[in-house]
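*Asks:* The following file, structure_35.csv, comprises CSV, C-alpha atoms and all ligand atoms:
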chain,number,residue,atom,x,y,z
A,1,MET,CA,92.9,115.9,209.9
A,2,ALA,CA,94.9,115.5,206.7
A,3,SER,CA,92.4,112.9,205.5
A,4,ASP,CA,89.5,115.3,206.2
A,5,ILE,CA,91.2,117.9,204.0
A,6,ILE,CA,91.6,115.3,201.2
A,7,LYS,CA,87.9,114.3,201.6
A,8,LEU,CA,86.9,117.9,201.3
A,9,PHE,CA,89.1,118.4,198.3
A,10,VAL,CA,87.6,115.3,196.5
A,11,MET,CA,84.1,116.6,197.4
A,12,MET,CA,84.9,120.0,195.9
A,13,ILE,CA,86.1,118.4,192.6
A,14,THR,CA,83.1,116.1,192.5
A,15,LEU,CA,80.8,119.1,192.9
A,16,LEU,CA,82.7,121.1,190.3
A,17,VAL,CA,82.5,118.1,187.9
A,18,PHE,CA,78.8,117.8,188.3
A,19,MET,CA,78.1,121.4,188.0
A,20,LYS,CA,79.5,121.2,184.5
A,21,LEU,CA,77.9,117.9,183.5
A,22,LYS,CA,74.6,119.6,182.7
A,23,PRO,CA,74.6,120.9,179.1
A,24,LEU,CA,74.5,124.6,179.2
A,25,LEU,CA,72.4,126.0,176.4
A,26,VAL,CA,72.9,129.7,177.1
A,27,LYS,CA,75.1,131.1,174.4
A,28,GLY,CA,78.6,132.0,175.5
A,29,GLU,CA,78.6,129.4,178.3
A,30,GLN,CA,80.7,126.3,178.2
A,31,GLN,CA,78.7,123.6,176.4
A,32,VAL,CA,80.6,120.5,177.4
A,33,PRO,CA,82.7,120.0,180.5
A,34,CYS,CA,85.9,118.9,178.6
A,35,LEU,CA,87.6,118.8,175.3
A,36,PHE,CA,90.4,116.4,174.3
A,37,ILE,CA,92.5,116.8,171.2
A,38,LEU,CA,94.5,114.3,169.3
A,39,GLY,CA,96.3,115.3,166.1
A,40,ASP,CA,99.3,116.7,164.3
A,41,SER,CA,100.8,120.2,163.8
A,42,THR,CA,97.5,121.8,162.8
A,43,LEU,CA,96.3,121.2,166.4
A,44,ASP,CA,99.6,121.0,168.4
A,45,ASN,CA,100.0,123.8,171.0
A,46,GLY,CA,103.3,123.0,172.6
A,47,ASN,CA,103.8,119.2,172.9
A,48,ASN,CA,106.8,119.2,170.6
A,49,ASN,CA,108.6,122.0,172.4
A,50,ASN,CA,110.9,119.7,174.4
A,51,LEU,CA,111.2,116.9,171.9
A,52,LEU,CA,114.3,116.4,169.8
A,53,THR,CA,112.8,117.2,166.5
A,54,ALA,CA,112.9,119.7,163.6
A,55,ALA,CA,109.1,119.9,163.8
A,56,LYS,CA,108.6,122.6,166.3
A,57,ALA,CA,107.3,126.1,166.3
A,58,ASN,CA,108.2,127.6,169.6
A,59,TYR,CA,110.3,130.4,168.1
A,60,PRO,CA,109.5,133.7,166.4
A,61,PRO,CA,107.9,134.6,164.1
A,62,TYR,CA,105.4,131.8,165.0
A,63,GLY,CA,102.8,133.2,167.4
A,64,ILE,CA,103.3,136.7,166.2
A,65,ASP,CA,99.5,137.3,166.6
A,66,PHE,CA,99.0,135.1,169.6
A,67,PRO,CA,98.8,136.8,173.1
A,68,ASP,CA,101.5,134.6,174.6
A,69,GLY,CA,103.8,134.8,171.5
A,70,PRO,CA,105.5,131.6,170.2
A,71,THR,CA,104.0,128.7,172.1
A,72,GLY,CA,104.6,125.8,169.7
A,73,ARG,CA,101.5,126.5,167.7
A,74,PHE,CA,102.3,126.1,164.0
A,75,THR,CA,100.7,129.4,162.9
A,76,ASN,CA,100.7,133.1,163.5
A,77,GLY,CA,97.7,133.1,165.9
A,78,ARG,CA,95.2,130.7,167.2
A,79,ASN,CA,95.0,127.2,165.7
A,80,ARG,CA,91.8,125.2,164.9
A,81,ALA,CA,91.8,123.6,168.4
A,82,ASP,CA,91.7,127.1,170.0
A,83,PHE,CA,88.8,128.2,167.8
A,84,ILE,CA,86.8,125.1,168.5
A,85,ALA,CA,87.4,125.6,172.3
A,86,GLU,CA,86.2,129.2,171.9
A,87,LEU,CA,83.1,128.1,170.0
A,88,LEU,CA,82.3,125.5,172.7
A,89,GLY,CA,82.4,128.3,175.2
A,90,PHE,CA,85.7,127.5,177.0
A,91,ASP,CA,87.2,130.6,178.5
A,92,LYS,CA,90.7,129.2,178.3
A,93,TYR,CA,92.5,127.1,175.7
A,94,ILE,CA,93.0,123.4,176.3
A,95,GLU,CA,96.5,122.8,177.8
A,96,PRO,CA,99.1,120.6,176.2
A,97,PHE,CA,99.7,117.2,177.7
A,98,ALA,CA,103.4,118.3,178.1
A,99,THR,CA,102.5,120.9,180.8
A,100,VAL,CA,99.0,120.2,182.1
A,101,LYS,CA,98.8,119.6,185.8
A,102,GLY,CA,96.3,118.4,188.4
A,103,VAL,CA,92.6,119.4,188.2
A,104,ASP,CA,93.1,121.3,184.9
A,105,MET,CA,92.9,117.9,183.2
A,106,PHE,CA,89.2,117.9,183.9
A,107,ARG,CA,88.8,120.6,181.2
A,108,GLY,CA,90.5,118.3,178.7
A,109,VAL,CA,94.0,117.9,177.3
A,110,ASN,CA,95.7,118.6,174.0
A,111,TYR,CA,97.9,115.6,172.9
A,112,ALA,CA,98.6,116.8,169.3
A,113,SER,CA,102.1,116.7,168.0
A,114,GLY,CA,103.7,118.1,164.9
A,115,ALA,CA,104.9,115.5,162.3
A,116,ALA,CA,102.9,112.7,164.0
A,117,GLY,CA,100.8,110.2,162.1
A,118,ILE,CA,98.5,107.3,162.2
A,119,LEU,CA,101.5,105.1,161.5
A,120,ASP,CA,104.2,105.2,164.2
A,121,GLU,CA,107.0,105.7,161.7
A,122,SER,CA,105.6,108.7,159.9
A,123,GLY,CA,107.7,111.9,160.5
A,124,ILE,CA,110.7,110.0,161.9
A,125,HIS,CA,113.1,111.7,159.5
A,126,LEU,CA,112.4,115.0,161.4
A,127,GLY,CA,113.1,113.5,164.8
A,128,ASP,CA,110.9,112.6,167.7
A,129,ARG,CA,107.1,113.0,167.6
A,130,ILE,CA,104.1,111.7,169.4
A,131,SER,CA,102.3,109.3,167.1
A,132,LEU,CA,98.6,108.6,167.5
A,133,ASN,CA,99.4,105.4,169.4
A,134,ARG,CA,101.6,107.4,171.8
A,135,GLN,CA,98.9,110.1,172.2
A,136,LEU,CA,96.4,107.3,173.1
A,137,ARG,CA,98.9,106.0,175.7
A,138,ASN,CA,99.2,109.6,177.1
A,139,HIS,CA,95.4,109.8,177.3
A,140,ARG,CA,95.4,106.6,179.4
A,141,VAL,CA,97.8,108.3,181.7
A,142,THR,CA,95.5,111.4,182.0
A,143,ILE,CA,92.5,109.2,182.7
A,144,SER,CA,94.3,107.4,185.5
A,145,HIS,CA,95.3,110.7,187.1
A,146,MET,CA,91.7,111.9,186.8
A,147,SER,CA,90.4,108.7,188.3
A,148,THR,CA,92.8,109.0,191.3
A,149,LEU,CA,91.8,112.6,191.9
A,150,LEU,CA,88.1,111.8,191.8
A,151,GLY,CA,88.6,108.6,193.8
A,152,ASN,CA,85.9,106.9,191.8
A,153,LYS,CA,86.4,105.1,188.5
A,154,THR,CA,82.7,104.9,187.6
A,155,LEU,CA,82.2,108.5,188.2
A,156,ASN,CA,85.3,109.3,186.0
A,157,LYS,CA,83.8,107.1,183.2
A,158,GLU,CA,80.5,109.0,183.4
A,159,TYR,CA,82.5,112.3,183.2
A,160,LEU,CA,84.5,111.2,180.1
A,161,ARG,CA,81.4,110.3,178.2
A,162,LYS,CA,80.3,114.0,178.3
A,163,CYS,CA,83.6,115.3,176.7
A,164,ILE,CA,84.2,116.1,173.1
A,165,TYR,CA,87.2,114.5,171.4
A,166,ILE,CA,88.7,116.0,168.3
A,167,VAL,CA,90.8,113.8,166.1
A,168,ASP,CA,92.7,115.0,163.0
A,169,MET,CA,95.3,112.6,161.7
A,170,GLY,CA,96.7,111.4,158.4
A,171,ASN,CA,98.4,114.5,157.0
A,172,ASN,CA,101.9,113.2,158.0
A,173,ASP,CA,101.2,109.7,156.8
A,174,TYR,CA,101.3,111.4,153.4
A,175,ILE,CA,103.5,114.5,153.7
A,176,ASN,CA,106.1,112.8,155.9
A,177,ASN,CA,105.8,109.3,154.7
A,178,TYR,CA,104.1,108.2,151.5
A,179,LEU,CA,105.2,111.3,149.5
A,180,LEU,CA,108.8,111.0,150.6
A,181,PRO,CA,110.2,107.9,148.8
A,182,GLN,CA,113.8,109.0,149.7
A,183,PHE,CA,113.1,108.3,153.4
A,184,TYR,CA,110.1,105.9,153.4
A,185,PRO,CA,109.5,102.7,151.4
A,186,SER,CA,105.7,102.9,151.7
A,187,SER,CA,105.1,104.2,148.1
A,188,ARG,CA,107.1,101.2,146.7
A,189,MET,CA,105.2,98.8,148.9
A,190,TYR,CA,101.7,100.0,148.4
A,191,THR,CA,99.6,101.5,145.7
A,192,SER,CA,97.8,104.7,146.9
A,193,GLU,CA,94.6,102.6,147.2
A,194,GLN,CA,96.3,99.9,149.3
A,195,PHE,CA,98.0,102.6,151.4
A,196,ALA,CA,94.7,104.4,152.1
A,197,ARG,CA,93.1,101.1,153.1
A,198,MET,CA,96.0,100.2,155.4
A,199,LEU,CA,95.7,103.6,157.1
A,200,ILE,CA,92.0,103.3,157.6
A,201,LYS,CA,92.4,99.9,159.1
A,202,GLN,CA,94.9,101.2,161.7
A,203,TYR,CA,92.9,104.4,162.3
A,204,THR,CA,89.7,102.4,162.9
A,205,LYS,CA,91.6,100.4,165.6
A,206,GLN,CA,92.9,103.5,167.2
A,207,LEU,CA,89.5,105.2,167.3
A,208,LYS,CA,88.0,102.1,168.9
A,209,THR,CA,90.7,102.3,171.5
A,210,LEU,CA,89.6,105.9,172.2
A,211,TYR,CA,86.0,104.7,172.6
A,212,HIS,CA,87.1,101.9,175.0
A,213,TYR,CA,88.8,104.6,177.1
A,214,GLY,CA,85.4,106.2,177.5
A,215,ALA,CA,85.0,108.6,174.6
A,216,ARG,CA,81.5,108.8,173.2
A,217,LYS,CA,81.4,112.2,171.3
A,218,ILE,CA,84.2,112.0,168.7
A,219,VAL,CA,84.9,114.4,165.8
A,220,VAL,CA,87.0,113.1,163.0
A,221,PHE,CA,88.4,115.6,160.5
A,222,GLY,CA,89.2,114.5,157.0
A,223,LEU,CA,92.3,115.7,155.1
A,224,GLY,CA,92.3,118.9,153.1
A,225,GLY,CA,94.1,119.8,150.0
A,226,ILE,CA,97.6,118.6,150.9
A,227,GLY,CA,98.6,118.9,147.2
A,228,CYS,CA,98.0,122.7,147.3
A,229,VAL,CA,100.4,123.6,150.1
A,230,PRO,CA,103.3,125.9,149.0
A,231,ALA,CA,106.1,123.6,150.2
A,232,LEU,CA,104.8,120.7,148.0
A,233,LEU,CA,104.1,123.0,145.1
A,234,ASP,CA,107.7,124.1,145.3
A,235,LEU,CA,109.0,120.5,145.7
A,236,TYR,CA,107.0,119.4,142.7
A,237,GLY,CA,107.8,122.5,140.7
A,238,THR,CA,104.3,123.1,139.5
A,239,GLU,CA,104.6,126.8,138.9
A,240,ASP,CA,101.4,127.5,137.0
A,241,SER,CA,99.1,124.9,138.7
A,242,ALA,CA,97.4,125.7,142.0
A,243,CYS,CA,97.7,122.2,143.2
A,244,VAL,CA,99.6,118.9,142.6
A,245,ASP,CA,96.7,116.8,141.4
A,246,SER,CA,98.5,113.5,141.8
A,247,ILE,CA,98.9,114.2,145.5
A,248,ASN,CA,95.3,115.2,146.0
A,249,SER,CA,94.0,112.2,144.2
A,250,ALA,CA,96.2,109.9,146.4
A,251,VAL,CA,94.9,111.6,149.6
A,252,GLN,CA,91.3,111.6,148.3
A,253,LYS,CA,91.4,107.8,148.5
A,254,PHE,CA,91.9,108.0,152.2
A,255,SER,CA,89.3,110.8,152.7
A,256,ASP,CA,86.7,108.9,150.7
A,257,LYS,CA,87.0,106.0,153.2
A,258,LEU,CA,86.4,108.2,156.3
A,259,LYS,CA,82.6,108.5,156.0
A,260,PRO,CA,82.1,104.7,155.7
A,261,MET,CA,84.5,104.3,158.6
A,262,ILE,CA,82.3,106.6,160.7
A,263,ASP,CA,79.2,104.6,159.8
A,264,ASP,CA,80.9,101.4,160.7
A,265,LEU,CA,82.1,102.7,164.1
A,266,ASN,CA,78.7,104.2,164.9
A,267,SER,CA,76.8,101.0,164.1
A,268,ASN,CA,79.2,98.7,165.9
A,269,LEU,CA,80.0,100.6,169.1
A,270,PRO,CA,77.0,101.1,171.5
A,271,ASN,CA,76.2,104.7,172.3
A,272,ALA,CA,79.1,106.0,170.1
A,273,ASN,CA,78.6,109.3,168.4
A,274,PHE,CA,81.4,109.7,165.8
A,275,ILE,CA,81.0,112.6,163.4
A,276,TYR,CA,83.0,113.3,160.2
A,277,ILE,CA,84.1,116.8,159.1
A,278,ASN,CA,84.7,117.1,155.4
A,279,SER,CA,87.7,119.3,155.1
A,280,THR,CA,87.3,119.8,151.4
A,281,SER,CA,83.8,121.0,151.9
A,282,ILE,CA,84.5,123.4,154.8
A,283,ALA,CA,87.5,124.9,153.0
A,284,VAL,CA,87.0,128.6,152.2
A,285,ARG,CA,85.5,128.6,148.7
A,286,ASP,CA,86.1,132.2,147.9
A,287,PRO,CA,89.1,133.4,149.9
A,288,SER,CA,88.7,136.9,148.6
A,289,SER,CA,85.4,137.1,150.5
A,290,ILE,CA,87.3,137.1,153.7
A,291,GLY,CA,90.1,139.4,152.4
A,292,ILE,CA,92.6,136.7,151.4
A,293,THR,CA,94.4,137.8,148.3
A,294,ASP,CA,97.4,135.6,148.3
A,295,LEU,CA,96.9,131.8,148.1
A,296,ARG,CA,100.4,130.8,147.1
A,297,GLU,CA,103.1,132.7,149.0
A,298,PRO,CA,103.6,131.9,152.7
A,299,CYS,CA,103.6,134.9,155.0
A,300,CYS,CA,106.7,134.1,157.0
A,301,GLU,CA,110.2,133.9,155.6
A,302,ILE,CA,110.8,130.2,154.9
A,303,SER,CA,113.8,128.2,156.3
A,304,THR,CA,115.9,126.2,154.0
A,305,THR,CA,117.5,124.3,156.9
A,306,ILE,CA,114.7,123.5,159.4
A,307,ALA,CA,112.2,121.0,158.0
A,308,ASP,CA,111.9,122.7,154.5
A,309,GLY,CA,108.8,124.8,154.6
A,310,GLN,CA,108.7,126.0,158.2
A,311,CYS,CA,109.5,129.6,159.1
A,312,LYS,CA,113.1,130.6,159.4
A,313,TYR,CA,114.2,131.0,163.0
A,314,ASP,CA,113.7,134.7,164.0
A,315,GLY,CA,112.9,135.4,160.3
A,316,GLY,CA,110.6,138.0,158.9
A,317,ALA,CA,106.9,137.9,158.4
A,318,CYS,CA,104.5,139.8,156.1
A,319,THR,CA,102.5,142.6,157.6
A,320,ASP,CA,99.3,141.8,155.8
A,321,ARG,CA,98.9,138.4,157.5
A,322,ALA,CA,95.2,138.2,157.1
A,323,ALA,CA,95.6,138.5,153.4
A,324,HIS,CA,97.8,135.3,153.2
A,325,TYR,CA,96.1,132.0,153.1
A,326,PHE,CA,99.3,130.3,154.2
A,327,TRP,CA,101.4,131.3,157.2
A,328,ASP,CA,104.4,129.0,156.4
A,329,GLY,CA,105.0,126.4,153.7
A,330,PHE,CA,102.5,123.9,155.2
A,331,HIS,CA,100.2,125.6,157.6
A,332,PRO,CA,97.3,128.0,157.0
A,333,SER,CA,97.3,131.4,158.8
A,334,GLU,CA,94.8,132.3,161.5
A,335,ALA,CA,92.2,133.9,159.1
A,336,PRO,CA,91.2,130.8,157.1
A,337,THR,CA,91.6,128.6,160.1
A,338,LYS,CA,88.9,130.6,161.9
A,339,VAL,CA,86.4,130.2,159.1
A,340,ASN,CA,87.3,126.5,158.9
A,341,ALA,CA,86.6,125.9,162.6
A,342,GLU,CA,83.3,127.9,162.4
A,343,ARG,CA,82.1,125.7,159.5
A,344,ALA,CA,83.0,122.5,161.5
A,345,TYR,CA,81.1,123.9,164.4
A,346,THR,CA,78.0,125.1,162.5
A,347,ALA,CA,77.8,123.4,159.1
A,348,LEU,CA,76.8,125.6,156.2
A,349,LEU,CA,76.4,122.9,153.5
A,350,SER,CA,75.0,119.4,153.9
A,351,THR,CA,78.5,118.1,152.9
A,352,ASP,CA,80.3,119.9,155.7
A,353,ALA,CA,79.6,117.5,158.5
A,354,TYR,CA,78.2,114.0,158.8
A,355,PRO,CA,75.8,113.0,160.2
A,356,PHE,CA,75.8,116.4,162.0
A,357,ASP,CA,78.1,119.2,163.1
A,358,ILE,CA,80.0,119.9,166.4
A,359,SER,CA,77.4,122.2,167.8
A,360,GLN,CA,74.8,119.4,167.6
A,361,LEU,CA,77.3,116.9,169.0
A,362,ALA,CA,77.8,119.1,172.0
A,363,GLN,CA,74.1,119.1,172.8
A,364,LEU,CA,73.7,115.3,172.9
A,401,LIG,C1,81.0,106.3,192.5
A,401,LIG,O1,80.3,106.9,191.5
A,401,LIG,C2,79.1,106.3,191.1
A,401,LIG,C3,78.5,107.0,189.9
A,401,LIG,O2,78.3,108.3,190.2
A,401,LIG,C4,78.2,106.2,192.3
A,401,LIG,O3,77.0,105.5,191.9
A,401,LIG,C5,78.9,105.4,193.4
A,401,LIG,O4,78.1,105.4,194.6
A,401,LIG,C6,80.2,106.1,193.7
A,401,LIG,N1,81.0,105.2,194.6
A,401,LIG,C7,81.5,105.7,195.8
A,401,LIG,C8,82.3,104.7,196.6
A,401,LIG,O5,81.4,106.9,196.1
A,402,LIG,C1,83.2,116.4,150.7
A,402,LIG,O1,83.0,117.6,150.1
A,402,LIG,C2,83.3,117.7,148.7
A,402,LIG,C3,83.1,119.1,148.3
A,402,LIG,O2,81.9,119.7,148.7
A,402,LIG,C4,82.3,116.8,148.0
A,402,LIG,O3,82.6,116.8,146.6
A,402,LIG,C5,82.5,115.3,148.5
A,402,LIG,O4,81.6,114.5,148.0
A,402,LIG,C6,82.3,115.3,150.1
A,402,LIG,N1,82.7,114.0,150.6
A,402,LIG,C7,81.9,113.3,151.4
A,402,LIG,C8,82.4,112.0,151.8
A,402,LIG,O5,80.9,113.8,151.9
How does this structure look as structure tokens?
*Replies:*
Amino acid sequence: MASDIIKLFVMMITLLVFMKLKPLLVKGEQQVPCLFILGDSTLDNGNNNNLLTAAKANYPPYGIDFPDGPTGRFTNGRNRADFIAELLGFDKYIEPFATVKGVDMFRGVNYASGAAGILDESGIHLGDRISLNRQLRNHRVTISHMSTLLGNKTLNKEYLRKCIYIVDMGNNDYINNYLLPQFYPSSRMYTSEQFARMLIKQYTKQLKTLYHYGARKIVVFGLGGIGCVPALLDLYGTEDSACVDSINSAVQKFSDKLKPMIDDLNSNLPNANFIYINSTSIAVRDPSSIGITDLREPCCEISTTIADGQCKYDGGACTDRAAHYFWDGFHPSEAPTKVNAERAYTALLSTDAYPFDISQLAQL
């Protein structure tokens, strides 16, 4: 009797899984069965909430424009992972690994963690964080649960090939490692070129691991203008310049190597479809065109005790949030994030996405 119920349950999941395997072309319908997310604070939606770290955002005023309030998202509203899920037709956001349960895993899981990096040690001065290597181990745990629920490893592998995987890593290897010589020796050990090369080598290995876990449709985001975030402008005391050029040129050395890395992965891994999103290219060119008038001042009141640059606990926030490019000292507000996600999904310029955009990846 009990085993009949289990059989019926497995049949139902199998049916559900197959119903979603077929790509749905009708606009507004879910285009892929599942979305997995690996990344840092720009994609985190609650994985750091119960970690011992200063890098968390589960307190007001974070989430002031999000239906559920402060959830651990490092912005006022939806983050880039939320917008991409919406664009792919998901009717619910992808749940964090920290809380996802049972069959919900078949829709995908968000592993992203604030302060995490490609290198295990990045962000350690802020406390605990789930590095990319740890996120990959968590993904293996998810796969094993899914496989048990389906009762068929082969079927699970077939399912995982249909999912989209978003990977956005590297910000903290600069912000919370290379650019902080008081905590990390990396800038004394490596030139910026050597450091970028070392990161790419590690990143390539990690993306291959994701492929070996069954991923075939993988979106890799490049790094944006780290040298233009308010917290670093304050730190470097460049009052009249819009960006710290030395930071941007160090980070550029990493970004420049991403496209060749994608080519290398696509040509060496059978049936792999890696795409690269050029964050510089998809950045909002003319912020005033979407009503952003303030590029420099964060919207929330900044803490001087919690990880310099984050919002003050229970602190104030501006009322014209859509007019501020930055929500806190590091993270963009919802308004530019939305435009960013839309450009990654449907490229506007040939430099936005390589070899094609997320909407095309979904249709493969
Ligand atoms: C497992 O799934 C594969 C692929 O769909 C199928 O060919 C195979 O028959 C299944 N095995 C069992 C034991 O159901
Ligand atoms: C990324 O976009 C920027 C700005 O459009 C462009 O200058 C650069 O060449 C692009 N990089 C790649 C690797 O496509």
*Asks:* Could you pull out the residues sitting within 10 Å of ligand LIG 401 (chain A), using all atoms listed in the file, and write them as a ChimeraX atom specification?
*Replies:* /A:14,18,150-159
*Asks:* Could you check how far atom CA of A:Arg285 sits from atom CA of A:Ile358, in Å to one decimal?
*Replies:* 20.5 Å
*Asks:* Please identify all polymer residues lying at most 12 Å from the point (84.6, 117.2, 158.0) (file coordinates), using only C-alpha atoms, and present the result as a JSON list (two decimals) with C-alpha atoms, in the coordinates of the input.
*Replies:*
[["chain", "number", "residue", "atom", "x", "y", "z"],
["A", 166, "ILE", "CA", 88.70, 116.00, 168.30],
["A", 167, "VAL", "CA", 90.80, 113.80, 166.10],
["A", 168, "ASP", "CA", 92.70, 115.00, 163.00],
["A", 218, "ILE", "CA", 84.20, 112.00, 168.70],
["A", 219, "VAL", "CA", 84.90, 114.40, 165.80],
["A", 220, "VAL", "CA", 87.00, 113.10, 163.00],
["A", 221, "PHE", "CA", 88.40, 115.60, 160.50],
["A", 222, "GLY", "CA", 89.20, 114.50, 157.00],
["A", 223, "LEU", "CA", 92.30, 115.70, 155.10],
["A", 224, "GLY", "CA", 92.30, 118.90, 153.10],
["A", 255, "SER", "CA", 89.30, 110.80, 152.70],
["A", 256, "ASP", "CA", 86.70, 108.90, 150.70],
["A", 258, "LEU", "CA", 86.40, 108.20, 156.30],
["A", 259, "LYS", "CA", 82.60, 108.50, 156.00],
["A", 262, "ILE", "CA", 82.30, 106.60, 160.70],
["A", 274, "PHE", "CA", 81.40, 109.70, 165.80],
["A", 275, "ILE", "CA", 81.00, 112.60, 163.40],
["A", 276, "TYR", "CA", 83.00, 113.30, 160.20],
["A", 277, "ILE", "CA", 84.10, 116.80, 159.10],
["A", 278, "ASN", "CA", 84.70, 117.10, 155.40],
["A", 279, "SER", "CA", 87.70, 119.30, 155.10],
["A", 280, "THR", "CA", 87.30, 119.80, 151.40],
["A", 281, "SER", "CA", 83.80, 121.00, 151.90],
["A", 282, "ILE", "CA", 84.50, 123.40, 154.80],
["A", 283, "ALA", "CA", 87.50, 124.90, 153.00],
["A", 340, "ASN", "CA", 87.30, 126.50, 158.90],
["A", 341, "ALA", "CA", 86.60, 125.90, 162.60],
["A", 342, "GLU", "CA", 83.30, 127.90, 162.40],
["A", 343, "ARG", "CA", 82.10, 125.70, 159.50],
["A", 344, "ALA", "CA", 83.00, 122.50, 161.50],
["A", 345, "TYR", "CA", 81.10, 123.90, 164.40],
["A", 346, "THR", "CA", 78.00, 125.10, 162.50],
["A", 347, "ALA", "CA", 77.80, 123.40, 159.10],
["A", 348, "LEU", "CA", 76.80, 125.60, 156.20],
["A", 349, "LEU", "CA", 76.40, 122.90, 153.50],
["A", 350, "SER", "CA", 75.00, 119.40, 153.90],
["A", 351, "THR", "CA", 78.50, 118.10, 152.90],
["A", 352, "ASP", "CA", 80.30, 119.90, 155.70],
["A", 353, "ALA", "CA", 79.60, 117.50, 158.50],
["A", 354, "TYR", "CA", 78.20, 114.00, 158.80],
["A", 355, "PRO", "CA", 75.80, 113.00, 160.20],
["A", 356, "PHE", "CA", 75.80, 116.40, 162.00],
["A", 357, "ASP", "CA", 78.10, 119.20, 163.10],
["A", 358, "ILE", "CA", 80.00, 119.90, 166.40]]
*Asks:* Could you name the residues that touch stretch 314-321 of chain A at 6 Å or less, counting all atoms listed in the file, but leaving out those on the same chain fewer than 6 positions away, as a PDB file with C-alpha atoms, keeping the file's coordinate frame?
*Replies:*
ATOM      1  CA  PRO A  60     109.500 133.700 166.400  1.00  0.00           C
ATOM      2  CA  PRO A  61     107.900 134.600 164.100  1.00  0.00           C
ATOM      3  CA  CYS A 299     103.600 134.900 155.000  1.00  0.00           C
ATOM      4  CA  CYS A 300     106.700 134.100 157.000  1.00  0.00           C
ATOM      5  CA  GLU A 301     110.200 133.900 155.600  1.00  0.00           C
TER       6      GLU A 301
END
*Asks:* Neighbouring residues of stretch 246-248 of chain A were defined as those with any atom within 7 Å, considering all atoms listed in the file; residues of the same chain fewer than 6 positions away were excluded. Please report them as an MDAnalysis selection string.
*Replies:* chainID A and resid 225:227
*Asks:* Go ahead and find all residues with at least one atom no further than 7 Å from (82.6, 130.5, 175.5) in the file's coordinates, using all atoms listed in the file; report them as a PyMOL selection string.
*Replies:* chain A and resi 28-30+86-91
*Asks:* To one decimal in Å, tell me the separation between atom CA of A:Asp328 and atom CA of A:Phe254.
*Replies:* 24.8 Å
*Asks:* Counting all atoms listed in the file, which of A:Asn47, A:Thr71, A:Ser122, A:Gln360 gets nearest to A:Asn138?
*Replies:*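 Checking each candidate against A:Asn138, we get A:Asn47 as the closest.
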*Asks:* Tell me which of A:Ser144, A:Ser288, A:Thr204, A:Thr75 sits closest to A:Pro260, counting all atoms listed in the file.
*Replies:*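 Of the candidates, the smallest distance to A:Pro260 is held by A:Thr204.
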*Asks:* May I ask which of the residues A:Gly329, A:Pro336, A:Gly72, A:Gly117 is the closest one to A:Ser303, counting all atoms listed in the file?
*Replies:* A:Gly329
*Asks:* Give me the residues near stretch 291-294 of chain A as a VMD selection string, where near means some atom within 6 Å (using all atoms listed in the file) and where sequence neighbours in that chain fewer than 3 positions away do not count.
*Replies:* chain A and resid 287 to 288 323 to 324
*Asks:* Nearest to ligand LIG 402 (chain A): which of A:Gln252, A:Ser333, A:Asn171, A:Asn58 is it, counting only C-alpha atoms and all ligand atoms?
*Replies:* A:Gln252
*Asks:* Please indicate the distance in Å from atom CA of A:Leu235 to atom CA of A:Tyr313, rounded to one decimal place.
*Replies:* 20.9 Å
*Asks:* Which residue out of A:Asn79, A:Val109, A:Tyr178, A:Leu51 has the minimum interatomic distance to A:Gly127 when all atoms listed in the file are used?
*Replies:*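 Of the candidates, the smallest distance to A:Gly127 is held by A:Leu51.
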*Asks:* Take stretch 171-179 of chain A, bring it up to N, CA and C atoms, and give me the output as a compact mmCIF listing (two decimals), in the frame of the given file.
*Replies:*
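Saved file part_8.txt follows:
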# COMPACT_ATOMS: atom_id res chain seq x y z
N ASN A 171 97.62 113.61 157.81
CA ASN A 171 98.40 114.50 157.00
C ASN A 171 99.88 114.00 156.85
N ASN A 172 100.47 113.63 157.99
CA ASN A 172 101.90 113.20 158.00
C ASN A 172 102.14 111.84 157.44
N ASP A 173 101.08 111.04 157.38
CA ASP A 173 101.20 109.70 156.80
C ASP A 173 101.43 109.89 155.26
N TYR A 174 101.01 111.06 154.75
CA TYR A 174 101.30 111.40 153.40
C TYR A 174 102.51 112.31 153.26
N ILE A 175 102.42 113.52 153.84
CA ILE A 175 103.50 114.50 153.70
C ILE A 175 104.85 113.97 154.19
N ASN A 176 104.84 113.33 155.34
CA ASN A 176 106.10 112.80 155.90
C ASN A 176 106.18 111.33 155.97
N ASN A 177 105.69 110.73 154.87
CA ASN A 177 105.80 109.30 154.70
C ASN A 177 105.61 108.92 153.24
N TYR A 178 104.34 108.72 152.84
CA TYR A 178 104.10 108.20 151.50
C TYR A 178 104.64 109.06 150.37
N LEU A 179 104.70 110.38 150.59
CA LEU A 179 105.20 111.30 149.50
C LEU A 179 106.68 111.52 149.56
